[in-house]
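Since the structure comes first, as structure tokens, the remarks are kept for the end.
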Amino acid sequence: MFRHNHHHYIGLTLARTSVPNDTVLHAIHTKMADTEKEEEDSEPVILNVGGTIFETTYETLRHEPDTLLATLRPSSPEYRPTRGHFFFDRNPDIFNCVLDLYRTGELHLPHGFCGATLRTELKFWRIPEDRIGICCLQTYFKYDTDREVLDTLHDAFEAKVLDYNPKEADSSRWVKIKRTCWLFLDQPNSSPAAKVFSYFYLGIVVLSGILFCCGTHPDFLETTLVPTNQTDYGFLNPENPKELLLLTTRPVFALEVGGWFVLIFFSIEFLIHFFLCPVKGEFFKSGLNVLDGILFICMWMVFAFEFHSDVVYSNRHLGMFYLVLKSMMILRLFRLLRLVKQYSALRILTVSLVASLKELGLLLITFLMASVFFASFIYFAEFEEPSTFPHIFIGIWWSVVTMTTVGYGDTFPKSTPGHVVGSACAICGVLILSMPIAIVATKFSNFNDRNAERERSKNLKSADPFTPHESPNTSKLFLTKVSSVLEVKQSPT
């Protein structure tokens, strides 16, 4: 009707105008095209998304010209002419938010959906990610954060384990024995016996630490030498009781026996561990194995030096080298990190610290800047005090001790300006050091929760062979009833 009236109006216009016909026709065709476009834009569009009906207009859909909905036409493959609507087999709940983008110009994502699902839907509807509202970015990117955490946990817990080829072990008895012994030493969770040995190994580690500490206490030492002249002291200072104790005493018999036992145990364990390794080149790629190798060398060098102690004490450089090697013996306590293979919480703590290195590095830089800052202030605040803070380096020591709330008391301000600077330094230290605790705690909690979910996912069962609404007992009961009915019908009356 509308188009018929237009055609009548065009005829009257052509009959009454004195302008050339081609100019009038061009103007009239332009007006008709604009009118038809307005009519088309105002026409309703019915969208069937996953069985849910949505109704809007072409004009609304053209608000986002580069998207899928803006290109819909009756000739589109999604159009169902028999039903007069466009059909999309997609999630209707998410589409409700998608359609709001065309209505309001803002895209807000629904809660309760996985980020991967949201990303797939936006990709299907050709909606760019930069249209997502700022308030919904956390929901959208939570998937990426969780994915990174799960990948990190996978690398930490499911890393490639050195092992023999099971087929080769089955075909060779010697390889099978080597593989059993290797798993016994390297993988505590491979068998109950391996777990018992790992606890015994950790007990020896603790024992070695106790023996090391007891070896410096006078109650566990016996005098073996009384120097008669200055040359007997070698490079040691006779006025220093610690150096004098090192020269004139040796551990008691029980401590010596314990030290020998620890030395022989760790040496044999290390050599057997290395000998049984299926790939020798991969053995020292483990940090714990590298530590074992260094300690193996240090332990035997210390033993050699103690056997020739007179030569060691006569040469200052050799004596200092001996003391360095002796101090490295305490690194045996790092063997406790083998517990990481048995307790996931320790491994998660390690992973959390590694994941927080960036933030901890930034904190360290901030802490050092604050130390120099307060050291400079305290130096000039105490400038009139002749007995305090002779230079800024002492101020840096004081600021580090103050900000870490240690407070040795060896250096402290005495003037009123110095007290003000000291108070500010202590307050800033508390604020700065509280940040890494929150960062590491948050990372640990996140990794721990994701790891708990990962462990539970391993115990998920596959679907039963029965129908969803039918249990095995129900099926059996149903078949029994059918059989009884058939028997009744077949029995003679």
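Letters A, B, ... mark the chains of the structure tokens in the order given; residue numbers begin at 1 per chain; ligand numbers begin at 1, in order shown.
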Shell of 10 Å around Phe275 (chain A), only C-alpha atoms, local chain residues under 6 positions omitted, as a list in words: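 Result of the neighbour search: Lys178, Trp182, Glu269 and Phe283 of chain A.
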Using DSSP secondary structure from the backbone, list all helix (DSSP H, G or I) positions within region 123-324 of chain A, as number ranges by chain. A: 123-124, 129-131, 134-157, 166-171, 173-186, 188-190, 192-214, 218-220, 230-233, 241-248, 253-276, 280-283, 287-307, 309-314, 316-324
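Restricting the calculation to only C-alpha atoms, the smallest distance between Leu244 (chain A) and any of A:Phe444, A:Gly258, A:Thr223, A:Arg173 is found for A:Thr223.
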Here CA of Tyr58 (chain A) and CA of Ser42 (chain A) stand apart by 6.6 Å
